[in-house]
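Dropping model_14.cif in here (mmCIF, C-alpha atoms):
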```cif
data_run
loop_
_atom_site.label_atom_id
_atom_site.label_comp_id
_atom_site.auth_asym_id
_atom_site.auth_seq_id
_atom_site.Cartn_x
_atom_site.Cartn_y
_atom_site.Cartn_z
CA MET A 257 -77.69 26.01 -15.46
CA SER A 258 -80.78 24.53 -13.88
CA GLY A 259 -79.41 21.04 -13.15
CA ALA A 260 -77.82 19.98 -9.84
CA LEU A 261 -74.40 19.58 -11.43
CA PRO A 262 -72.61 22.40 -13.23
CA ASP A 263 -71.83 21.64 -16.89
CA THR A 264 -68.36 21.87 -18.42
CA GLY A 265 -68.75 25.55 -19.24
CA ASP A 266 -69.60 26.33 -15.63
CA LEU A 267 -66.76 24.16 -14.37
CA TYR A 268 -64.41 26.03 -16.64
CA ARG A 269 -65.61 29.39 -15.33
CA ILE A 270 -65.27 28.17 -11.74
CA TRP A 271 -61.77 26.93 -12.55
CA VAL A 272 -60.80 30.24 -14.14
CA TYR A 273 -61.93 32.02 -11.00
CA LEU A 274 -60.42 29.64 -8.44
CA SER A 275 -57.11 29.12 -10.24
CA THR A 276 -56.21 32.77 -9.64
CA THR A 277 -57.14 32.86 -5.94
CA PRO A 278 -54.57 32.13 -3.22
CA LEU A 279 -56.96 29.57 -1.67
CA LEU A 280 -56.62 27.01 -4.46
CA TRP A 281 -52.82 26.81 -4.58
CA LEU A 282 -52.45 26.99 -0.81
CA THR A 283 -54.82 24.04 -0.50
CA VAL A 284 -53.09 22.14 -3.28
CA THR A 285 -49.68 22.72 -1.63
CA LEU A 286 -50.92 21.29 1.67
CA ALA A 287 -52.60 18.36 -0.10
CA ALA A 288 -49.49 17.57 -2.17
CA PHE A 289 -47.36 17.61 0.95
CA SER A 290 -49.79 15.32 2.81
CA LEU A 291 -49.56 12.90 -0.10
CA GLY A 292 -45.75 13.11 -0.18
CA ASP A 293 -45.64 12.54 3.56
CA LEU A 294 -47.90 9.50 3.21
CA VAL A 295 -45.62 8.00 0.54
CA SER A 296 -42.59 8.69 2.76
CA LEU A 297 -44.34 6.93 5.66
CA ARG A 298 -45.16 3.94 3.43
CA PHE A 299 -41.44 3.69 2.61
CA ARG A 300 -40.78 3.72 6.37
CA ARG A 301 -39.18 7.16 6.13
CA ASN A 302 -36.47 5.84 3.82
CA PRO A 303 -34.40 8.95 2.96
CA ILE A 304 -34.83 8.26 -0.77
CA ALA A 305 -38.61 8.85 -0.50
CA ASN A 306 -38.29 12.45 0.65
CA PRO A 307 -41.68 14.17 1.09
CA VAL A 308 -40.38 17.55 -0.17
CA VAL A 309 -39.04 16.03 -3.39
CA ILE A 310 -42.24 14.04 -3.97
CA SER A 311 -44.65 16.92 -3.27
CA ALA A 312 -42.61 19.49 -5.21
CA GLY A 313 -42.50 17.06 -8.15
CA LEU A 314 -46.28 16.60 -8.02
CA LEU A 315 -46.86 20.35 -7.86
CA ILE A 316 -44.49 21.07 -10.76
CA ALA A 317 -46.33 18.47 -12.86
CA LEU A 318 -49.67 19.99 -11.89
CA LEU A 319 -48.56 23.54 -12.72
CA GLY A 320 -47.32 22.32 -16.11
CA PHE A 321 -50.53 20.37 -16.76
CA THR A 322 -52.83 23.30 -15.90
CA GLY A 323 -50.58 25.92 -17.50
CA THR A 324 -50.33 27.86 -14.25
CA SER A 325 -47.44 30.26 -13.80
CA TYR A 326 -45.16 30.07 -10.77
CA GLN A 327 -46.20 33.63 -9.84
CA THR A 328 -49.87 32.60 -9.63
CA TYR A 329 -48.90 29.49 -7.66
CA PHE A 330 -46.76 31.48 -5.26
CA GLU A 331 -49.58 33.91 -4.44
CA GLY A 332 -51.19 31.01 -2.61
CA ALA A 333 -48.06 29.21 -1.46
CA GLN A 334 -46.49 32.34 0.01
CA PHE A 335 -48.46 31.80 3.23
CA VAL A 336 -46.53 28.58 3.81
CA HIS A 337 -43.27 30.09 2.59
CA PHE A 338 -43.61 33.02 4.99
CA LEU A 339 -43.32 30.70 8.01
CA LEU A 340 -39.67 29.96 7.16
CA GLY A 341 -38.63 33.11 9.05
CA PRO A 342 -40.37 32.29 12.35
CA ALA A 343 -39.19 28.67 11.92
CA THR A 344 -35.58 29.90 11.83
CA VAL A 345 -36.16 31.86 15.03
CA ALA A 346 -37.74 28.76 16.59
CA LEU A 347 -34.47 26.82 16.04
CA ALA A 348 -33.27 28.64 19.19
CA VAL A 349 -35.52 26.41 21.31
CA PRO A 350 -33.85 23.02 20.60
CA LEU A 351 -30.47 24.73 20.77
CA TRP A 352 -31.35 26.10 24.22
CA ARG A 353 -32.67 22.71 25.36
CA ASN A 354 -29.37 21.08 24.47
CA ARG A 355 -27.19 23.81 25.98
CA ALA A 356 -25.76 21.42 28.63
CA GLN A 357 -24.49 19.08 25.89
CA VAL A 358 -23.12 22.01 23.93
CA ARG A 359 -21.17 23.16 26.98
CA ALA A 360 -19.87 19.65 27.78
CA ASN A 361 -18.57 19.09 24.23
CA LEU A 362 -17.69 22.65 23.44
CA LEU A 363 -14.17 22.13 22.06
CA PRO A 364 -14.76 19.17 19.73
CA MET A 365 -17.98 20.82 18.54
CA CYS A 366 -16.43 24.20 17.79
CA ALA A 367 -13.50 22.62 15.96
CA ALA A 368 -15.72 20.26 13.96
CA LEU A 369 -18.19 23.05 13.22
CA VAL A 370 -15.56 25.42 11.83
CA ALA A 371 -13.81 22.67 9.84
CA GLY A 372 -17.09 21.28 8.47
CA SER A 373 -18.66 24.63 7.66
CA VAL A 374 -15.59 25.91 5.80
CA THR A 375 -15.31 22.59 3.92
CA ALA A 376 -18.98 22.69 2.93
CA ILE A 377 -18.89 26.22 1.56
CA GLY A 378 -15.38 26.11 0.09
CA SER A 379 -15.51 22.72 -1.60
CA ALA A 380 -18.96 23.24 -3.14
CA CYS A 381 -18.00 26.63 -4.62
CA ALA A 382 -14.57 25.43 -5.75
CA ILE A 383 -15.91 22.32 -7.52
CA ALA A 384 -18.69 24.24 -9.26
CA TRP A 385 -16.16 26.89 -10.33
CA VAL A 386 -13.73 24.28 -11.69
CA PHE A 387 -16.53 22.82 -13.83
CA GLY A 388 -17.33 26.25 -15.20
CA ALA A 389 -20.63 27.05 -13.46
CA PRO A 390 -21.70 30.72 -13.71
CA SER A 391 -21.42 32.91 -10.62
CA GLU A 392 -25.13 32.82 -9.70
CA VAL A 393 -24.99 29.01 -9.61
CA ILE A 394 -21.83 29.07 -7.47
CA ALA A 395 -23.48 31.56 -5.10
CA SER A 396 -26.54 29.31 -4.88
CA LEU A 397 -24.33 26.37 -3.83
CA ALA A 398 -22.50 28.23 -1.04
CA ALA A 399 -25.15 27.64 1.61
CA LYS A 400 -26.26 24.18 0.44
CA SER A 401 -25.48 22.54 3.82
CA VAL A 402 -27.52 25.06 5.83
CA THR A 403 -31.17 24.66 6.70
CA ALA A 404 -33.39 26.06 3.89
CA PRO A 405 -34.77 29.23 5.53
CA ILE A 406 -31.25 30.45 6.38
CA ALA A 407 -29.78 29.25 3.08
CA MET A 408 -32.39 31.10 1.02
CA ALA A 409 -31.89 34.35 2.91
CA LEU A 410 -28.09 34.00 2.59
CA THR A 411 -28.24 33.17 -1.11
CA ASP A 412 -30.28 36.28 -1.72
CA THR A 413 -27.62 38.44 -0.04
CA ILE A 414 -24.75 37.09 -2.18
CA GLY A 415 -26.40 37.28 -5.59
CA GLY A 416 -27.50 33.66 -5.89
CA ILE A 417 -30.97 32.36 -6.77
CA PRO A 418 -32.98 31.50 -3.61
CA ALA A 419 -35.25 29.01 -5.45
CA LEU A 420 -32.23 27.15 -6.82
CA ALA A 421 -30.62 27.21 -3.35
CA ALA A 422 -33.77 25.71 -1.81
CA VAL A 423 -33.66 22.78 -4.21
CA LEU A 424 -29.90 22.26 -3.73
CA VAL A 425 -30.39 22.36 0.05
CA VAL A 426 -33.06 19.67 -0.13
CA LEU A 427 -30.94 17.51 -2.48
CA THR A 428 -27.90 17.90 -0.18
CA GLY A 429 -30.06 16.85 2.76
CA VAL A 430 -31.41 13.81 0.91
CA PHE A 431 -27.97 12.75 -0.37
CA GLY A 432 -26.30 13.20 3.04
CA SER A 433 -28.96 11.23 4.84
CA ILE A 434 -28.65 8.37 2.35
CA VAL A 435 -24.83 8.09 2.54
CA VAL A 436 -24.16 8.94 6.19
CA THR A 437 -24.71 5.48 7.75
CA PRO A 438 -22.67 3.43 5.22
CA LEU A 439 -19.95 6.13 5.15
CA MET A 440 -19.56 6.29 8.94
CA ASN A 441 -19.55 2.49 9.19
CA ALA A 442 -16.81 2.34 6.54
CA LEU A 443 -14.79 4.89 8.54
CA ARG A 444 -15.38 2.73 11.66
CA ILE A 445 -16.72 5.68 13.68
CA ARG A 446 -18.81 4.37 16.58
CA ASP A 447 -19.17 7.69 18.43
CA TYR A 448 -22.82 8.56 17.76
CA ALA A 449 -22.38 12.11 19.02
CA ALA A 450 -19.70 12.71 16.35
CA ARG A 451 -21.72 10.91 13.63
CA GLY A 452 -24.82 12.96 14.42
CA PHE A 453 -22.91 16.21 14.56
CA ALA A 454 -21.34 15.52 11.15
CA VAL A 455 -24.66 14.84 9.44
CA GLY A 456 -26.17 17.94 11.06
CA VAL A 457 -23.36 20.12 9.67
CA ALA A 458 -23.42 18.54 6.20
CA SER A 459 -27.15 17.89 5.74
CA HIS A 460 -29.10 20.16 8.13
CA GLY A 461 -32.69 19.21 9.05
CA ILE A 462 -33.08 16.27 6.66
CA GLY A 463 -29.85 14.78 8.03
CA THR A 464 -31.08 15.46 11.57
CA ALA A 465 -34.31 13.59 10.93
CA ARG A 466 -32.24 10.65 9.65
CA ALA A 467 -29.93 10.81 12.70
CA PHE A 468 -32.91 10.54 15.06
CA GLN A 469 -33.90 7.30 13.31
CA VAL A 470 -30.46 5.85 14.06
CA SER A 471 -30.03 7.03 17.67
CA GLN A 472 -31.37 9.63 20.07
CA GLU A 473 -27.83 10.81 20.84
CA ALA A 474 -26.97 11.22 17.15
CA GLY A 475 -30.21 13.12 16.56
CA THR A 476 -29.62 15.52 19.43
CA PHE A 477 -26.11 16.35 18.22
CA ALA A 478 -27.33 16.71 14.65
CA GLY A 479 -29.94 19.22 15.83
CA ILE A 480 -27.28 21.23 17.65
CA ALA A 481 -25.05 21.15 14.56
CA LEU A 482 -27.89 22.32 12.34
CA GLY A 483 -28.47 25.43 14.47
CA LEU A 484 -24.79 26.24 14.94
CA ASN A 485 -23.94 25.73 11.27
CA GLY A 486 -26.76 28.06 10.25
CA ALA A 487 -25.31 30.78 12.44
CA LEU A 488 -21.66 30.18 11.50
CA THR A 489 -22.30 29.96 7.74
CA SER A 490 -24.18 33.26 7.98
CA VAL A 491 -21.20 34.87 9.69
CA LEU A 492 -18.69 33.35 7.22
CA ILE A 493 -20.70 34.56 4.23
CA LEU A 494 -21.10 37.98 5.85
CA VAL A 495 -17.33 38.24 6.27
CA LEU A 496 -16.79 37.10 2.66
CA ASN A 497 -19.27 39.78 1.57
CA LEU A 498 -17.25 42.46 3.33
CA PHE A 499 -14.13 41.50 1.41
CA LEU A 500 -15.65 40.90 -2.01
CA MET B 57 -49.89 30.15 22.10
CA ILE B 58 -50.58 33.54 20.48
CA GLN B 59 -48.05 35.11 22.85
CA ALA B 60 -45.42 32.53 21.89
CA LEU B 61 -46.08 33.14 18.18
CA THR B 62 -45.88 36.88 18.79
CA LEU B 63 -42.55 36.38 20.54
CA LEU B 64 -41.17 34.48 17.51
CA PHE B 65 -42.37 37.22 15.13
CA LEU B 66 -41.02 39.94 17.44
CA CYS B 67 -37.58 38.30 17.52
CA GLN B 68 -37.58 38.10 13.72
CA LEU B 69 -38.72 41.71 13.46
CA ALA B 70 -36.01 42.83 15.89
CA GLY B 71 -33.48 40.82 13.87
CA GLU B 72 -34.55 42.46 10.59
CA PHE B 73 -34.47 45.87 12.27
CA LEU B 74 -30.96 45.32 13.66
CA VAL B 75 -29.56 44.04 10.37
CA ARG B 76 -31.00 46.92 8.37
CA SER B 77 -30.07 49.62 10.86
CA LEU B 78 -26.49 48.29 10.98
CA GLY B 79 -26.48 48.16 7.19
CA ILE B 80 -25.03 44.64 7.07
CA VAL B 81 -25.92 41.84 4.67
CA PHE B 82 -27.14 39.15 7.04
CA PRO B 83 -30.38 37.15 7.38
CA GLY B 84 -32.62 38.84 9.96
CA PRO B 85 -34.21 35.57 11.16
CA VAL B 86 -30.76 34.26 12.19
CA VAL B 87 -30.27 37.35 14.36
CA GLY B 88 -33.78 36.69 15.71
CA MET B 89 -32.73 33.14 16.58
CA GLY B 90 -29.71 34.52 18.46
CA LEU B 91 -31.87 37.05 20.31
CA LEU B 92 -34.35 34.38 21.36
CA PHE B 93 -31.51 32.10 22.51
CA LEU B 94 -29.98 34.90 24.60
CA GLY B 95 -33.42 35.74 25.99
CA MET B 96 -33.97 32.15 27.10
CA LEU B 97 -30.50 32.01 28.65
CA ALA B 98 -31.24 35.23 30.58
CA ALA B 99 -34.70 34.05 31.64
CA GLY B 100 -33.41 30.58 32.52
CA ARG B 101 -36.44 28.95 30.86
CA ALA B 102 -38.23 28.72 27.53
CA GLY B 103 -41.79 28.39 28.81
CA GLY B 104 -44.26 25.68 27.84
CA PRO B 105 -46.21 27.57 25.13
CA LEU B 106 -43.03 28.70 23.34
CA GLU B 107 -41.63 25.16 23.37
CA LYS B 108 -44.93 23.83 22.04
CA VAL B 109 -45.16 26.38 19.22
CA ALA B 110 -41.49 25.87 18.29
CA ASP B 111 -41.90 22.08 18.28
CA THR B 112 -45.01 22.35 16.13
CA ILE B 113 -43.34 24.58 13.52
CA LEU B 114 -40.10 22.60 13.48
CA GLY B 115 -42.02 19.31 13.35
CA HIS B 116 -43.44 20.43 9.99
CA LEU B 117 -40.32 22.17 8.71
CA SER B 118 -40.23 20.10 5.50
CA LEU B 119 -43.59 21.52 4.39
CA LEU B 120 -42.19 25.04 4.49
CA PHE B 121 -39.55 24.18 1.82
CA VAL B 122 -42.14 23.11 -0.74
CA PRO B 123 -43.17 26.48 -2.29
CA ALA B 124 -39.52 27.46 -2.81
CA SER B 125 -38.62 24.04 -4.23
CA VAL B 126 -41.42 24.31 -6.79
CA GLY B 127 -39.67 27.50 -7.93
CA VAL B 128 -37.01 25.30 -9.49
CA VAL B 129 -39.19 25.17 -12.62
CA GLN B 130 -38.06 28.70 -13.33
CA GLN B 131 -34.39 27.64 -13.14
CA ILE B 132 -34.66 24.51 -15.24
CA GLY B 133 -32.56 25.97 -18.07
CA LEU B 134 -29.78 26.99 -15.70
CA ILE B 135 -29.78 23.53 -14.11
CA ARG B 136 -29.76 21.74 -17.47
CA GLU B 137 -26.76 23.78 -18.61
CA ASN B 138 -24.83 23.21 -15.38
CA TRP B 139 -26.11 19.85 -14.20
CA PHE B 140 -22.68 18.23 -14.09
CA ALA B 141 -21.02 21.04 -12.10
CA ILE B 142 -23.98 21.11 -9.69
CA ALA B 143 -24.09 17.33 -9.23
CA ALA B 144 -20.32 17.08 -8.75
CA ALA B 145 -20.27 19.95 -6.24
CA LEU B 146 -23.19 18.51 -4.32
CA VAL B 147 -21.94 14.93 -4.07
CA VAL B 148 -18.24 15.57 -3.45
CA SER B 149 -18.76 18.50 -1.09
CA THR B 150 -21.33 16.64 1.03
CA LEU B 151 -19.09 13.56 1.36
CA LEU B 152 -16.08 15.75 2.16
CA THR B 153 -18.03 17.75 4.76
CA LEU B 154 -19.22 14.57 6.51
CA VAL B 155 -15.70 13.11 6.67
CA VAL B 156 -13.93 16.33 7.72
CA THR B 157 -16.52 17.09 10.42
CA VAL B 158 -16.57 13.64 11.99
CA LEU B 159 -12.78 13.23 11.96
CA THR B 160 -12.22 16.70 13.48
CA PHE B 161 -14.82 16.00 16.17
CA ARG B 162 -13.15 12.68 17.09
CA ALA B 163 -9.61 14.07 17.02
CA VAL B 164 -10.39 17.03 19.30
CA ALA B 165 -12.55 14.87 21.60
CA ARG B 166 -9.61 12.50 22.02
CA LEU B 167 -7.20 15.39 22.71
CA THR B 168 -9.47 17.02 25.29
CA ALA B 169 -10.80 13.81 26.87
CA ARG B 170 -10.77 13.82 30.62
CA PRO B 171 -8.64 11.03 32.14
CA VAL B 172 -11.72 9.29 33.55
CA LEU B 173 -13.13 8.68 30.09
#
```
Here is the file; what I need is its structure written in the form of structure tokens.
Amino acid sequence: MSGALPDTGDLYRIWVYLSTTPLLWLTVTLAAFSLGDLVSLRFRRNPIANPVVISAGLLIALLGFTGTSYQTYFEGAQFVHFLLGPATVALAVPLWRNRAQVRANLLPMCAALVAGSVTAIGSACAIAWVFGAPSEVIASLAAKSVTAPIAMALTDTIGGIPALAAVLVVLTGVFGSIVVTPLMNALRIRDYAARGFAVGVASHGIGTARAFQVSQEAGTFAGIALGLNGALTSVLILVLNLFL
Amino acid sequence: MIQALTLLFLCQLAGEFLVRSLGIVFPGPVVGMGLLFLGMLAAGRAGGPLEKVADTILGHLSLLFVPASVGVVQQIGLIRENWFAIAAALVVSTLLTLVVTVLTFRAVARLTARPVL
């Protein structure tokens, strides 16, 4: 190899080396997300053009095309994945910032939180069970309305599949953020605190992002709901675990 | 900034430690979130660097879901076999949760409304 450009054989050897290092798949994950985010921006953050769905789709296609196993991919992507834990801890900050609003609306919030959280867990599991889904699928649906880092940890503790839960969480977020505005208008609910809180309970962070596009008040309440529902769902599933 | 990051990791570590030493099945990071919240309540402030680090991480939360979502390739068979049950559970449960939550919020807000409102 005396020329300036490596020939195909060299490229192949470089590929074989790089494709097994964490650097390549970490870089590709960040690049795919940047692309997904760009597409989402072009669609003016329309909930249908979700950056997670777009970038995960791109990466799955790329893994298939290059014949790379998920294990190899994850060796690079784990550095991103690891931050889910600290991100969950960081949710305390917006919750703390909004503590005055939590205190002022404590009763309606607590009631709505308990009712919504129980509905989310119970109805998802019941429907999947009625249609004959196996237990690991039912367990992966239990935490679908909770923000992904919490949902994945919870799913692991109840015998579900964390990867499946992550995808169901994202799909629940996307679906909730698409239907929330027409649904609330049809119900003639004009209280933006209540609307925001509902989408935060049902559709976590993706719903919260949508709520902020509609109104600052809705977004704030959605953010509170997202944090509270993560904590309450954890407790509910813990209690269920004790009895099962 | 490093101190704020360390604080987040410490809270998570403390959460994991508590959960394991109590022998309960509960996500450690959620306990860490509770500890940090209580800490901020006790201190009466969050502190600029902590707020900045938290905002930065939470501002890019979607990125953190990507590696796990790609893992769906390993579950494709399970999804194909159960796609109808999964889709039905997802759609109906999300709609139901939205309606139940918003109606409960409104009903209790109306019951507890102060006379001035």
I need the output of the PyMOL selection byres ((chain A) within 7 of (chain B)) for this file as a PDB file with C-alpha atoms, in the frame of the given file; which residues are they?
```pdb
ATOM      1  CA  PHE A 289     -47.360  17.610   0.950  1.00  0.00           C
ATOM      2  CA  VAL A 308     -40.380  17.550  -0.170  1.00  0.00           C
ATOM      3  CA  ALA A 312     -42.610  19.490  -5.210  1.00  0.00           C
ATOM      4  CA  LEU A 315     -46.860  20.350  -7.860  1.00  0.00           C
ATOM      5  CA  ILE A 316     -44.490  21.070 -10.760  1.00  0.00           C
ATOM      6  CA  TYR A 326     -45.160  30.070 -10.770  1.00  0.00           C
ATOM      7  CA  PHE A 330     -46.760  31.480  -5.260  1.00  0.00           C
ATOM      8  CA  ALA A 333     -48.060  29.210  -1.460  1.00  0.00           C
ATOM      9  CA  VAL A 336     -46.530  28.580   3.810  1.00  0.00           C
ATOM     10  CA  HIS A 337     -43.270  30.090   2.590  1.00  0.00           C
ATOM     11  CA  LEU A 339     -43.320  30.700   8.010  1.00  0.00           C
ATOM     12  CA  LEU A 340     -39.670  29.960   7.160  1.00  0.00           C
ATOM     13  CA  GLY A 341     -38.630  33.110   9.050  1.00  0.00           C
ATOM     14  CA  PRO A 342     -40.370  32.290  12.350  1.00  0.00           C
ATOM     15  CA  ALA A 343     -39.190  28.670  11.920  1.00  0.00           C
ATOM     16  CA  THR A 344     -35.580  29.900  11.830  1.00  0.00           C
ATOM     17  CA  VAL A 345     -36.160  31.860  15.030  1.00  0.00           C
ATOM     18  CA  ALA A 346     -37.740  28.760  16.590  1.00  0.00           C
ATOM     19  CA  LEU A 347     -34.470  26.820  16.040  1.00  0.00           C
ATOM     20  CA  ALA A 348     -33.270  28.640  19.190  1.00  0.00           C
ATOM     21  CA  VAL A 349     -35.520  26.410  21.310  1.00  0.00           C
ATOM     22  CA  TRP A 352     -31.350  26.100  24.220  1.00  0.00           C
ATOM     23  CA  LEU A 363     -14.170  22.130  22.060  1.00  0.00           C
ATOM     24  CA  PRO A 364     -14.760  19.170  19.730  1.00  0.00           C
ATOM     25  CA  MET A 365     -17.980  20.820  18.540  1.00  0.00           C
ATOM     26  CA  ALA A 367     -13.500  22.620  15.960  1.00  0.00           C
ATOM     27  CA  ALA A 368     -15.720  20.260  13.960  1.00  0.00           C
ATOM     28  CA  LEU A 369     -18.190  23.050  13.220  1.00  0.00           C
ATOM     29  CA  ALA A 371     -13.810  22.670   9.840  1.00  0.00           C
ATOM     30  CA  GLY A 372     -17.090  21.280   8.470  1.00  0.00           C
ATOM     31  CA  THR A 375     -15.310  22.590   3.920  1.00  0.00           C
ATOM     32  CA  ALA A 376     -18.980  22.690   2.930  1.00  0.00           C
ATOM     33  CA  SER A 379     -15.510  22.720  -1.600  1.00  0.00           C
ATOM     34  CA  ALA A 380     -18.960  23.240  -3.140  1.00  0.00           C
ATOM     35  CA  ILE A 383     -15.910  22.320  -7.520  1.00  0.00           C
ATOM     36  CA  ALA A 384     -18.690  24.240  -9.260  1.00  0.00           C
ATOM     37  CA  PHE A 387     -16.530  22.820 -13.830  1.00  0.00           C
ATOM     38  CA  ALA A 389     -20.630  27.050 -13.460  1.00  0.00           C
ATOM     39  CA  ALA A 404     -33.390  26.060   3.890  1.00  0.00           C
ATOM     40  CA  ILE A 406     -31.250  30.450   6.380  1.00  0.00           C
ATOM     41  CA  ALA A 409     -31.890  34.350   2.910  1.00  0.00           C
ATOM     42  CA  LEU A 410     -28.090  34.000   2.590  1.00  0.00           C
ATOM     43  CA  THR A 413     -27.620  38.440  -0.040  1.00  0.00           C
ATOM     44  CA  ALA A 419     -35.250  29.010  -5.450  1.00  0.00           C
ATOM     45  CA  LEU A 420     -32.230  27.150  -6.820  1.00  0.00           C
ATOM     46  CA  ALA A 422     -33.770  25.710  -1.810  1.00  0.00           C
ATOM     47  CA  VAL A 423     -33.660  22.780  -4.210  1.00  0.00           C
ATOM     48  CA  THR A 428     -27.900  17.900  -0.180  1.00  0.00           C
ATOM     49  CA  GLY A 432     -26.300  13.200   3.040  1.00  0.00           C
ATOM     50  CA  ALA A 450     -19.700  12.710  16.350  1.00  0.00           C
ATOM     51  CA  ARG A 451     -21.720  10.910  13.630  1.00  0.00           C
ATOM     52  CA  ALA A 454     -21.340  15.520  11.150  1.00  0.00           C
ATOM     53  CA  VAL A 455     -24.660  14.840   9.440  1.00  0.00           C
ATOM     54  CA  ALA A 458     -23.420  18.540   6.200  1.00  0.00           C
ATOM     55  CA  ALA A 487     -25.310  30.780  12.440  1.00  0.00           C
ATOM     56  CA  SER A 490     -24.180  33.260   7.980  1.00  0.00           C
ATOM     57  CA  LEU A 494     -21.100  37.980   5.850  1.00  0.00           C
TER      58      LEU A 494
END
```
Hey, can I get the axis-aligned box for segment 444-457 of chain A? All listed atoms, 8 Å padding on each side, centre and edge lengths in Å to one decimal, as lines of an AutoDock Vina configuration file.
```
center_x = -20.8
center_y = 11.4
center_z = 14.2
size_x = 26.8
size_y = 33.4
size_z = 25.6
```
- From A:Thr476, A:Ser471, A:Asn354, A:Thr276, residue lying nearest Arg446 of chain A [all atoms listed in the file]: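 Answer, going by the shortest atom-to-atom distance: A:Ser471.
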Which polymer residues have any atom within 12 Å of an atom of Leu291 of chain A, counting only C-alpha atoms, with same-chain residues fewer than 5 positions away left out, as an mmCIF file with C-alpha atoms, in the frame of the given file?
```
data_model
loop_
_atom_site.group_PDB
_atom_site.id
_atom_site.type_symbol
_atom_site.label_atom_id
_atom_site.label_comp_id
_atom_site.auth_asym_id
_atom_site.auth_seq_id
_atom_site.Cartn_x
_atom_site.Cartn_y
_atom_site.Cartn_z
ATOM 1 C CA VAL A 284 -53.090 22.140 -3.280
ATOM 2 C CA THR A 285 -49.680 22.720 -1.630
ATOM 3 C CA LEU A 286 -50.920 21.290 1.670
ATOM 4 C CA SER A 296 -42.590 8.690 2.760
ATOM 5 C CA LEU A 297 -44.340 6.930 5.660
ATOM 6 C CA ARG A 298 -45.160 3.940 3.430
ATOM 7 C CA ALA A 305 -38.610 8.850 -0.500
ATOM 8 C CA ASN A 306 -38.290 12.450 0.650
ATOM 9 C CA PRO A 307 -41.680 14.170 1.090
ATOM 10 C CA VAL A 308 -40.380 17.550 -0.170
ATOM 11 C CA VAL A 309 -39.040 16.030 -3.390
ATOM 12 C CA ILE A 310 -42.240 14.040 -3.970
ATOM 13 C CA SER A 311 -44.650 16.920 -3.270
ATOM 14 C CA ALA A 312 -42.610 19.490 -5.210
ATOM 15 C CA GLY A 313 -42.500 17.060 -8.150
ATOM 16 C CA LEU A 314 -46.280 16.600 -8.020
ATOM 17 C CA LEU A 315 -46.860 20.350 -7.860
ATOM 18 C CA LEU B 119 -43.590 21.520 4.390
#
```
- Message: List the spatial neighbours of Val402 of chain A as a count of residues only - criterion: any atom at most 6 Å away, only C-alpha atoms, same-chain residues fewer than 5 positions off excluded.
- Response: 3
- Mind giving me the straight-line distance from atom CA of Met440 of chain A to atom CA of Leu492 of chain A in Å, one decimal?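 If I compute the distance from atom CA of Met440 of chain A to atom CA of Leu492 of chain A, I get 27.1 Å.
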- Task: Please measure the separation of atom CA of Gly378 of chain A and atom CA of Ala399 of chain A, giving the value in Å to one decimal.
- Result: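 Here the two named atoms are 10.0 Å from each other.
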- Task: Would you please work out which residue, of A:Pro418, A:Pro350, A:Pro303, A:Gly388, is nearest to Ser459 of chain A when using all atoms listed in the file?
- Result: A:Pro303
